[in-house]
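What follows is a set of notes on a single structure, which appears directly below.
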Amino acid sequence: MGRSALVVILSLISVPALAQEPPAEPTDAQFPLGVRARSNLTRLQMDWLDWLVACNEGDGERAAAVIDSLQAHARVVGMRHLPELGAAAASRAIDLGRAGQMEPARWSLEAAERLAPLRPEGPFAASRVAWMEGAYVTAAASTVRGFVRSLASPQLRFVLLNNLALWAATVVALAGLLLVGVVMISRGPELYFDLHRYFDRFLPSPGSHALCLALLSWPFLLPAGPLWAAIYWSVLLWAYGARLERILLIAIWLFVGSLPAALTEQGRRVGLALYPPVQSLQSAARGGLEGDLFSHLAILQSILPESAALRHFSADIHRKLGQMEIARSTYRDVLADDPENAAALNDLGIYYFEASDFSGALDFFERAAESDPRRSEIQFNLAQAYSELYRFEESEDALFTARELDSDSVNAWLRRGLVERVVGIDGGLERVSEIRDELRAQWQVAEESPGWFGYWRQALSLPLVGVFIAIAVMVRLGTRRGRSARPERIWWHPAADRVRRVLLAGVPEAEAGEAGRAALSLLALVTLASLPLANRLGFPLPWLHAGAPALLPTVAGFGLLVFFAMRYLRHWRGDR
């Protein structure tokens, strides 16, 4: 469904770009991968195929062993997680659950958890499988766990909170438009009476009635007619409302008038967060290997050829892949721009350490320590370099300093010392936010000026509020001079009137002059009614599943039942 509800609402004023992406420039460049790196990546592909075969053959023990192999090969290429394979395993679990193969489905859920322990796809898939089994409490708990994981991820949290804001804006806009309809029901007869009395001076009574009806209903002939009518009516009704009703109508104008510019800016920010290359970089920074990481790096290098942050990021990836010669050259490029970059100095020292040039390694480790003496990794590497040069007293001092800074990490590094004797610093992977800011800056420069009309549609919708107020004042001055008797209220049968007041939320409150209570009733009604669409309103979330499919409709249905039960107690039982 996307953002169609809010787009339709905003079509009265403007249709801003709700999701924009930086232009992905096509490139023939490729991220260089050596024979060793390609071999390791091929092993990941072969292991995944082996896991699929094991699942199809119902061999759970073999499937678990293949997951062990996948995790080991991921560590070889410097990564901890395989989020895309985890998502694929989650999808496999749902397919197996639909086929009634619950045991292989559980293997797949376990694989999803092990391959992507930080992603929400695993809990969401577990929720769907539990729903298929009839374990509804487990399904609800897994869905909550999936959303908790989403909020723990900065990228998912950013998109999720923006979607929540967009859903809230949709709810408020729809409730506001419904409030205009409610005010028309309660105040419309008075408006119609004044218009008829005014035109009756120039026209016969049938012609006056026809003109009044035409004047009030002509917006329905326009595209999105009901929405145009709501805005038009709000202008006409402003002069007839009580003080709180007028304040609410002005608030609706301000809110709807400010939405286009706000949504345009939101579209820029979320579009950048959802830009696939940015997603790949953010995943890599958290230790996850995306399949398109290398092609996305090539794209970004063509877009940002002068970016020092992107060069540093690429250098870290080369180091993790074991491509130390390319990493050395790239780290030197980083240091040419930033000679005091402690992370790059440390990682360049690793190159010389692994090449058994311990004097060269010590030089870079010492420079890194001078630049940032508080990094335990640098002090630990200093201790290792001093030890190789038989400077044992200095080695002990550096190791003591490292333990003071982070004893737990030092103990972990010592335990794996036979495999990895020195420790890298992922300083480049930590610069994703800089790369994103550079993309945003380049994107804004590349945007064409929208022109006068574009500015009116995007940024100058708010001054239309002044136009609305001017029209409202003119209507007030033109129709309320020399007023005569007010129209009598429409009579309803008592039983029909009670049904009307229970079902038409906001109407009895508005008729009683309780505009605030009417607005709150409509807001609660629209919130509950739109809750099943909350996952579908807004920007596409970068996950594949959304938990138990009937959870939100169930909550919404229960909420609506309570809502109308409370209205029944107040407007039906309360009158008896």
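Please note that chains go A, B, ... in the order of the structure tokens, that every chain numbers its residues from 1, and that ligands are numbered from 1 in the order shown.
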Open item on the list: Residues of region 276-377 of chain A classed as alpha helix (DSSP H) by DSSP on the backbone are to be reported as a ChimeraX atom specification.
Closed with: /A:276-285,293-303,308-321,324-337,342-354,358-371,376-377
Store the residues of this selection in a file with C-alpha atoms, as a PDB file, in the first residue's frame.
ATOM      1  CA  PRO A 276      21.481  -0.199  -1.038  1.00  0.00           C
ATOM      2  CA  PRO A 277      25.198   0.736  -1.014  1.00  0.00           C
ATOM      3  CA  VAL A 278      24.729   2.526   2.311  1.00  0.00           C
ATOM      4  CA  GLN A 279      22.907  -0.516   3.698  1.00  0.00           C
ATOM      5  CA  SER A 280      25.797  -2.760   2.624  1.00  0.00           C
ATOM      6  CA  LEU A 281      28.335  -0.505   4.338  1.00  0.00           C
ATOM      7  CA  GLN A 282      26.305  -0.341   7.540  1.00  0.00           C
ATOM      8  CA  SER A 283      25.979  -4.130   7.562  1.00  0.00           C
ATOM      9  CA  ALA A 284      29.741  -4.551   7.082  1.00  0.00           C
ATOM     10  CA  ALA A 285      30.405  -2.084   9.919  1.00  0.00           C
ATOM     11  CA  LEU A 293      29.143  -5.307  -0.737  1.00  0.00           C
ATOM     12  CA  PHE A 294      31.939  -5.285  -3.308  1.00  0.00           C
ATOM     13  CA  SER A 295      29.828  -4.044  -6.229  1.00  0.00           C
ATOM     14  CA  HIS A 296      28.353  -1.367  -3.945  1.00  0.00           C
ATOM     15  CA  LEU A 297      31.836  -0.266  -2.912  1.00  0.00           C
ATOM     16  CA  ALA A 298      32.735   0.108  -6.600  1.00  0.00           C
ATOM     17  CA  ILE A 299      29.617   2.237  -7.152  1.00  0.00           C
ATOM     18  CA  LEU A 300      30.421   4.465  -4.194  1.00  0.00           C
ATOM     19  CA  GLN A 301      34.021   4.870  -5.316  1.00  0.00           C
ATOM     20  CA  SER A 302      32.764   6.148  -8.664  1.00  0.00           C
ATOM     21  CA  ILE A 303      30.374   8.576  -6.929  1.00  0.00           C
ATOM     22  CA  ALA A 308      39.037   9.782   2.454  1.00  0.00           C
ATOM     23  CA  ALA A 309      36.427   8.027   4.618  1.00  0.00           C
ATOM     24  CA  LEU A 310      35.516   5.668   1.759  1.00  0.00           C
ATOM     25  CA  ARG A 311      39.195   4.921   1.096  1.00  0.00           C
ATOM     26  CA  HIS A 312      39.677   4.091   4.769  1.00  0.00           C
ATOM     27  CA  PHE A 313      36.596   1.845   4.696  1.00  0.00           C
ATOM     28  CA  SER A 314      37.928   0.031   1.605  1.00  0.00           C
ATOM     29  CA  ALA A 315      41.325  -0.415   3.253  1.00  0.00           C
ATOM     30  CA  ASP A 316      39.697  -2.157   6.220  1.00  0.00           C
ATOM     31  CA  ILE A 317      37.803  -4.483   3.876  1.00  0.00           C
ATOM     32  CA  HIS A 318      41.017  -5.362   2.031  1.00  0.00           C
ATOM     33  CA  ARG A 319      42.721  -6.114   5.347  1.00  0.00           C
ATOM     34  CA  LYS A 320      39.878  -8.373   6.449  1.00  0.00           C
ATOM     35  CA  LEU A 321      40.023 -10.230   3.122  1.00  0.00           C
ATOM     36  CA  MET A 324      47.439  -6.872   2.587  1.00  0.00           C
ATOM     37  CA  GLU A 325      49.323  -5.333  -0.335  1.00  0.00           C
ATOM     38  CA  ILE A 326      46.245  -3.443  -1.498  1.00  0.00           C
ATOM     39  CA  ALA A 327      45.421  -2.578   2.112  1.00  0.00           C
ATOM     40  CA  ARG A 328      48.951  -1.183   2.655  1.00  0.00           C
ATOM     41  CA  SER A 329      48.682   1.061  -0.407  1.00  0.00           C
ATOM     42  CA  THR A 330      45.217   2.266   0.579  1.00  0.00           C
ATOM     43  CA  TYR A 331      46.202   2.968   4.192  1.00  0.00           C
ATOM     44  CA  ARG A 332      49.075   5.088   2.897  1.00  0.00           C
ATOM     45  CA  ASP A 333      46.559   7.091   0.837  1.00  0.00           C
ATOM     46  CA  VAL A 334      44.510   7.605   4.004  1.00  0.00           C
ATOM     47  CA  LEU A 335      47.594   8.798   5.907  1.00  0.00           C
ATOM     48  CA  ALA A 336      48.455  11.216   3.100  1.00  0.00           C
ATOM     49  CA  ASP A 337      45.198  13.040   3.940  1.00  0.00           C
ATOM     50  CA  ALA A 342      45.705   6.282  14.699  1.00  0.00           C
ATOM     51  CA  ALA A 343      43.599   3.465  13.252  1.00  0.00           C
ATOM     52  CA  ALA A 344      45.303   3.641   9.848  1.00  0.00           C
ATOM     53  CA  LEU A 345      48.770   3.832  11.488  1.00  0.00           C
ATOM     54  CA  ASN A 346      47.970   0.773  13.607  1.00  0.00           C
ATOM     55  CA  ASP A 347      46.623  -1.239  10.668  1.00  0.00           C
ATOM     56  CA  LEU A 348      49.575  -0.311   8.503  1.00  0.00           C
ATOM     57  CA  GLY A 349      51.805  -1.575  11.306  1.00  0.00           C
ATOM     58  CA  ILE A 350      49.975  -4.899  11.070  1.00  0.00           C
ATOM     59  CA  TYR A 351      51.095  -5.223   7.445  1.00  0.00           C
ATOM     60  CA  TYR A 352      54.745  -4.926   8.444  1.00  0.00           C
ATOM     61  CA  PHE A 353      54.281  -7.216  11.461  1.00  0.00           C
ATOM     62  CA  GLU A 354      52.816  -9.979   9.301  1.00  0.00           C
ATOM     63  CA  PHE A 358      59.075  -5.912  13.242  1.00  0.00           C
ATOM     64  CA  SER A 359      61.093  -2.688  13.282  1.00  0.00           C
ATOM     65  CA  GLY A 360      58.805  -1.187  10.621  1.00  0.00           C
ATOM     66  CA  ALA A 361      55.752  -2.427  12.530  1.00  0.00           C
ATOM     67  CA  LEU A 362      57.032  -0.916  15.781  1.00  0.00           C
ATOM     68  CA  ASP A 363      57.508   2.447  14.087  1.00  0.00           C
ATOM     69  CA  PHE A 364      53.861   2.599  13.007  1.00  0.00           C
ATOM     70  CA  PHE A 365      52.570   1.247  16.340  1.00  0.00           C
ATOM     71  CA  GLU A 366      54.540   3.922  18.206  1.00  0.00           C
ATOM     72  CA  ARG A 367      53.181   6.650  15.930  1.00  0.00           C
ATOM     73  CA  ALA A 368      49.669   5.304  16.501  1.00  0.00           C
ATOM     74  CA  ALA A 369      50.217   5.325  20.279  1.00  0.00           C
ATOM     75  CA  GLU A 370      51.380   8.935  20.146  1.00  0.00           C
ATOM     76  CA  SER A 371      48.246   9.855  18.206  1.00  0.00           C
ATOM     77  CA  SER A 376      44.084  -0.873  24.082  1.00  0.00           C
ATOM     78  CA  GLU A 377      44.599  -2.460  20.644  1.00  0.00           C
TER      79      GLU A 377
END
Open item on the list: Using only C-alpha atoms, can you tell me which of A:Arg403, A:Arg421, A:Arg269, A:His81 comes closest to Gly291 (chain A)?
Closed with: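 Among A:Arg403, A:Arg421, A:Arg269, A:His81, it is A:His81 that comes nearest to Gly291 (chain A).
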Task: Contacts of Ala139 (chain A) at 8 Å (only C-alpha atoms; same-chain gap of 4+ positions) as a list in words - done: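 Listing them by chain and then by number gives Ala126, Ser127, Arg128, Val129, Ala130, Trp131, Ala135, Thr143, Gly547 and Ala548 of chain A.
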Output the selection as a compact mmCIF listing (two decimals), in the first residue's frame - C-alpha atoms for each residue.
# COMPACT_ATOMS: atom_id res chain seq x y z
CA ALA A 126 9.75 -17.87 14.07
CA SER A 127 6.58 -15.89 14.77
CA ARG A 128 5.02 -16.96 11.48
CA VAL A 129 5.97 -20.61 11.97
CA ALA A 130 4.56 -20.54 15.51
CA TRP A 131 1.36 -18.98 14.15
CA ALA A 135 1.16 -21.29 19.21
CA THR A 143 7.09 -10.65 16.95
CA GLY A 547 5.93 -11.32 12.32
CA ALA A 548 2.55 -12.89 12.97
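CA of Tyr198 (chain A) to CA of Ala230 (chain A) spans 22.7 Å [interatomic distance, one decimal].
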- [ ] Have a look at CA of Cys55 (chain A) and CA of Ile67 (chain A) and let me know their distance in Å, one decimal.
- [x]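 Calculated distance between CA of Cys55 (chain A) and CA of Ile67 (chain A) is 11.5 Å.
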Open item on the list: Between CA of Gly322 (chain A) and CA of Arg80 (chain A), what is the distance in Å, rounded to a tenth?
Closed with: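 Straight-line distance from CA of Gly322 (chain A) to CA of Arg80 (chain A) works out to 15.4 Å.
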Open item on the list: Could you check the closest approach to Leu504 (chain A) for each of A:Arg375, A:Arg197, A:His571, A:Arg436 and tell me which residue wins, using only C-alpha atoms?
Closed with: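 Using only C-alpha atoms, the shortest distance to Leu504 (chain A) belongs to A:His571.
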TODO: Excluding region 213-215 of chain A and residues on its chain fewer than 6 positions from it, collect all residues at most 10 Å away from it, counting only C-alpha atoms, and give them as a list in words.
DONE: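 Everything that qualifies: Tyr192, Leu195, His196 and Gly207 of chain A.
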Can you write just those residues out, N, CA and C atoms, as a PDB file, in the first residue's frame?
ATOM      1  N   TYR A 192     -25.736  26.455   6.156  1.00  0.00           N
ATOM      2  CA  TYR A 192     -26.682  26.397   5.029  1.00  0.00           C
ATOM      3  C   TYR A 192     -27.789  27.453   5.204  1.00  0.00           C
ATOM      4  N   LEU A 195     -26.395  30.906   4.278  1.00  0.00           N
ATOM      5  CA  LEU A 195     -26.205  31.052   2.840  1.00  0.00           C
ATOM      6  C   LEU A 195     -27.547  31.200   2.124  1.00  0.00           C
ATOM      7  N   HIS A 196     -28.520  30.368   2.537  1.00  0.00           N
ATOM      8  CA  HIS A 196     -29.840  30.442   1.897  1.00  0.00           C
ATOM      9  C   HIS A 196     -30.477  31.810   2.151  1.00  0.00           C
ATOM     10  N   GLY A 207     -34.249  28.421  -6.417  1.00  0.00           N
ATOM     11  CA  GLY A 207     -32.936  28.768  -6.960  1.00  0.00           C
ATOM     12  C   GLY A 207     -31.917  28.996  -5.861  1.00  0.00           C
TER      13      GLY A 207
END
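Here the question is which of A:Leu304, A:Gly97, A:Glu103, A:Ala402 gets nearest to Ala441 (chain A) using only C-alpha atoms, and that residue is A:Leu304.
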